[in-house]
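Colleague: Once you've had a glance at the structure underneath, I'll fire off some questions.
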Amino acid sequence: MFTSLISKENWQRYIKSLKFALYCLTHPLDGFWDLTHERRGTYAAANTILFLTIVIRIMKLRFTSFLFIQVYWEELNIITYVASIILPLFLFVIGNWALTTLFDGKGRLGQVYIATCYALTPYPLVQLPLMIFSNFVTVDEAEFYAVISLISMVWIAFIGILGMSQVHEYSFAKNILFLVATAFAMLVMIFLLLLFFSMISQGVAYFISLGKELLYRL
């Protein structure tokens, strides 16, 4: 099994699927169609893009010029910070898949995840050189930095919207409607998660206090 995982064929397919992310940047309609329907996307490439996005996000905290970002390291929890990136992504994937499945969406859960990760490709490509560039600009040139950073975010949103449209085979208007609905579904899931963990913590606290009371009486 291990040999098959690192075989030449699998490695070549991984490289091709990773390179295909670049094609999706400039040809999102054709790219995301082939990504799912022709199976040109892979979980390995999607996970790589997500991993690079997280790494670049963390690196930006350390290596971006203080003119553009100020980090209070004593208040920063890296685990929480990483979770703040991963959790919304998974909530989006699950929420979007759950809703579209009920309304003739063609995309499967894995396809939604792969397309979402591929849509993140502009982030590491733009933010890494931008992070380096931030250390060589002055305050007067800060607007240029902000514009380029904004362009990368808009680019991600743009190809993400087109990507979901191709995955589910929705019209543009219908796709926008379900993306808005997905946002509400994410809020509902966050509320339910908070409620669940609140109930768990209260239950644990109750049994701890009950145990202390029994120990005290004994």
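Identifiers for the structure tokens are assigned positionally: chains receive A, B, ... in sequence, residues are indexed from 1 per chain, and ligands are indexed from 1 in the order shown.
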Excluding stretch 155-164 of chain A and its own-chain neighbours fewer than 6 positions away, which residues fall within 10 Å of it when counting only C-alpha atoms? Please give them as a PyMOL selection string.
Modeller: chain A and resi 24-33+35-36+96+105+107+111-112+115-123+149+170-172+175-176+178-179
Colleague: Please determine, counting only C-alpha atoms, which residue among A:Gln127, A:Thr182, A:Asn77, A:Gln202 has the shortest atom-to-atom distance to A:Leu150.
Modeller: A:Gln127
Colleague: Calculated over only C-alpha atoms, which of the candidates A:Leu195, A:Leu125, A:Val167, A:Val180 has the smallest distance to A:Met153?
Modeller: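 Among the listed residues, A:Leu125 lies closest to A:Met153.
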Colleague: Run DSSP on the backbone of this structure and report the residues of stretch 131-164 of chain A it assigns to alpha helix (DSSP H), as a tab-separated table (two decimals) with N, CA, C and O atoms, in the first residue's frame.
Modeller:
```tsv
chain	number	residue	atom	x	y	z
A	131	MET	N	4.07	39.66	1.17
A	131	MET	CA	4.66	39.68	2.52
A	131	MET	C	6.11	40.16	2.46
A	131	MET	O	6.55	40.98	3.28
A	132	ILE	N	6.86	39.65	1.49
A	132	ILE	CA	8.26	40.06	1.33
A	132	ILE	C	8.32	41.52	0.91
A	132	ILE	O	9.13	42.30	1.42
A	133	PHE	N	7.44	41.90	-0.01
A	133	PHE	CA	7.41	43.27	-0.51
A	133	PHE	C	7.12	44.28	0.59
A	133	PHE	O	7.60	45.42	0.55
A	142	ALA	N	1.76	52.34	1.17
A	142	ALA	CA	0.92	51.35	1.84
A	142	ALA	C	-0.35	51.06	1.05
A	142	ALA	O	-0.87	49.93	1.10
A	143	GLU	N	-0.87	52.06	0.33
A	143	GLU	CA	-2.09	51.85	-0.44
A	143	GLU	C	-1.87	50.80	-1.52
A	143	GLU	O	-2.78	50.01	-1.81
A	144	PHE	N	-0.70	50.77	-2.10
A	144	PHE	CA	-0.39	49.78	-3.12
A	144	PHE	C	-0.46	48.38	-2.53
A	144	PHE	O	-1.02	47.46	-3.13
A	145	TYR	N	0.10	48.22	-1.34
A	145	TYR	CA	0.06	46.93	-0.64
A	145	TYR	C	-1.39	46.53	-0.37
A	145	TYR	O	-1.77	45.37	-0.60
A	146	ALA	N	-2.20	47.46	0.11
A	146	ALA	CA	-3.59	47.17	0.45
A	146	ALA	C	-4.40	46.79	-0.79
A	146	ALA	O	-5.23	45.87	-0.74
A	147	VAL	N	-4.13	47.46	-1.91
A	147	VAL	CA	-4.87	47.17	-3.15
A	147	VAL	C	-4.54	45.77	-3.65
A	147	VAL	O	-5.44	45.01	-4.03
A	148	ILE	N	-3.25	45.42	-3.67
A	148	ILE	CA	-2.86	44.09	-4.14
A	148	ILE	C	-3.45	43.00	-3.24
A	148	ILE	O	-3.92	41.97	-3.72
A	149	SER	N	-3.43	43.24	-1.93
A	149	SER	CA	-3.99	42.27	-0.99
A	149	SER	C	-5.49	42.11	-1.22
A	149	SER	O	-6.02	40.99	-1.19
A	150	LEU	N	-6.17	43.24	-1.48
A	150	LEU	CA	-7.61	43.19	-1.74
A	150	LEU	C	-7.90	42.43	-3.04
A	150	LEU	O	-8.87	41.67	-3.11
A	151	ILE	N	-7.06	42.64	-4.04
A	151	ILE	CA	-7.25	41.96	-5.33
A	151	ILE	C	-7.18	40.45	-5.15
A	151	ILE	O	-7.97	39.70	-5.73
A	152	SER	N	-6.26	39.98	-4.31
A	152	SER	CA	-6.14	38.54	-4.08
A	152	SER	C	-7.41	37.99	-3.43
A	152	SER	O	-7.87	36.89	-3.77
A	153	MET	N	-8.00	38.75	-2.50
A	153	MET	CA	-9.23	38.30	-1.85
A	153	MET	C	-10.41	38.28	-2.82
A	153	MET	O	-11.22	37.34	-2.83
A	154	VAL	N	-10.49	39.32	-3.65
A	154	VAL	CA	-11.56	39.38	-4.65
A	154	VAL	C	-11.40	38.26	-5.66
A	154	VAL	O	-12.38	37.65	-6.10
A	155	TRP	N	-10.16	37.98	-6.02
A	155	TRP	CA	-9.87	36.90	-6.97
A	155	TRP	C	-10.34	35.56	-6.42
A	155	TRP	O	-10.95	34.76	-7.12
A	156	ILE	N	-10.05	35.32	-5.14
A	156	ILE	CA	-10.50	34.09	-4.49
A	156	ILE	C	-12.02	33.99	-4.51
A	156	ILE	O	-12.59	32.94	-4.85
A	157	ALA	N	-12.69	35.09	-4.15
A	157	ALA	CA	-14.15	35.09	-4.13
A	157	ALA	C	-14.72	34.86	-5.53
A	157	ALA	O	-15.69	34.09	-5.70
A	158	PHE	N	-14.12	35.49	-6.52
A	158	PHE	CA	-14.61	35.40	-7.90
A	158	PHE	C	-14.52	33.97	-8.43
A	158	PHE	O	-15.52	33.42	-8.91
A	159	ILE	N	-13.34	33.36	-8.33
A	159	ILE	CA	-13.21	32.00	-8.86
A	159	ILE	C	-13.95	30.99	-7.98
A	159	ILE	O	-14.39	29.95	-8.45
A	160	GLY	N	-14.10	31.31	-6.69
A	160	GLY	CA	-14.87	30.44	-5.80
A	160	GLY	C	-16.33	30.40	-6.19
A	160	GLY	O	-16.95	29.33	-6.22
A	161	ILE	N	-16.89	31.57	-6.53
A	161	ILE	CA	-18.29	31.64	-6.96
A	161	ILE	C	-18.49	30.87	-8.26
A	161	ILE	O	-19.42	30.07	-8.40
A	162	LEU	N	-17.60	31.11	-9.23
A	162	LEU	CA	-17.70	30.40	-10.50
A	162	LEU	C	-17.47	28.90	-10.31
A	162	LEU	O	-18.10	28.08	-10.98
A	163	GLY	N	-16.57	28.57	-9.39
A	163	GLY	CA	-16.28	27.16	-9.13
A	163	GLY	C	-17.49	26.42	-8.59
A	163	GLY	O	-17.82	25.32	-9.04
A	164	MET	N	-18.17	27.02	-7.61
A	164	MET	CA	-19.37	26.38	-7.06
A	164	MET	C	-20.47	26.25	-8.10
A	164	MET	O	-21.23	25.28	-8.11
```
Colleague: Compare A:Gln70, A:Asn135, A:Gln12, A:Ser17 by their minimum atom-to-atom distance to A:Asn47, counting only C-alpha atoms, and give me the closest one.
Modeller: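 Closest residue, counting only C-alpha atoms: A:Ser17.
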Colleague: Considering only C-alpha atoms, can you say which of A:Pro88, A:Pro129, A:Gly203, A:Gly211 comes closest to A:Phe63?
Modeller: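 Checking each candidate against A:Phe63, we get A:Pro129 as the closest.
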Colleague: Under the rule that only C-alpha atoms are counted, which of A:Thr101, A:Ser65, A:Gln166, A:Thr53 is the nearest residue to A:Ile85?
Modeller: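 Going through A:Thr101, A:Ser65, A:Gln166, A:Thr53 one by one, the smallest distance to A:Ile85 is for A:Thr53.
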Colleague: So, counting only C-alpha atoms, which residue among A:Leu215, A:Glu169, A:Leu128, A:Met186 is closest to A:Leu52?
Modeller: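 For A:Leu52, the nearest of the candidates is A:Leu128.
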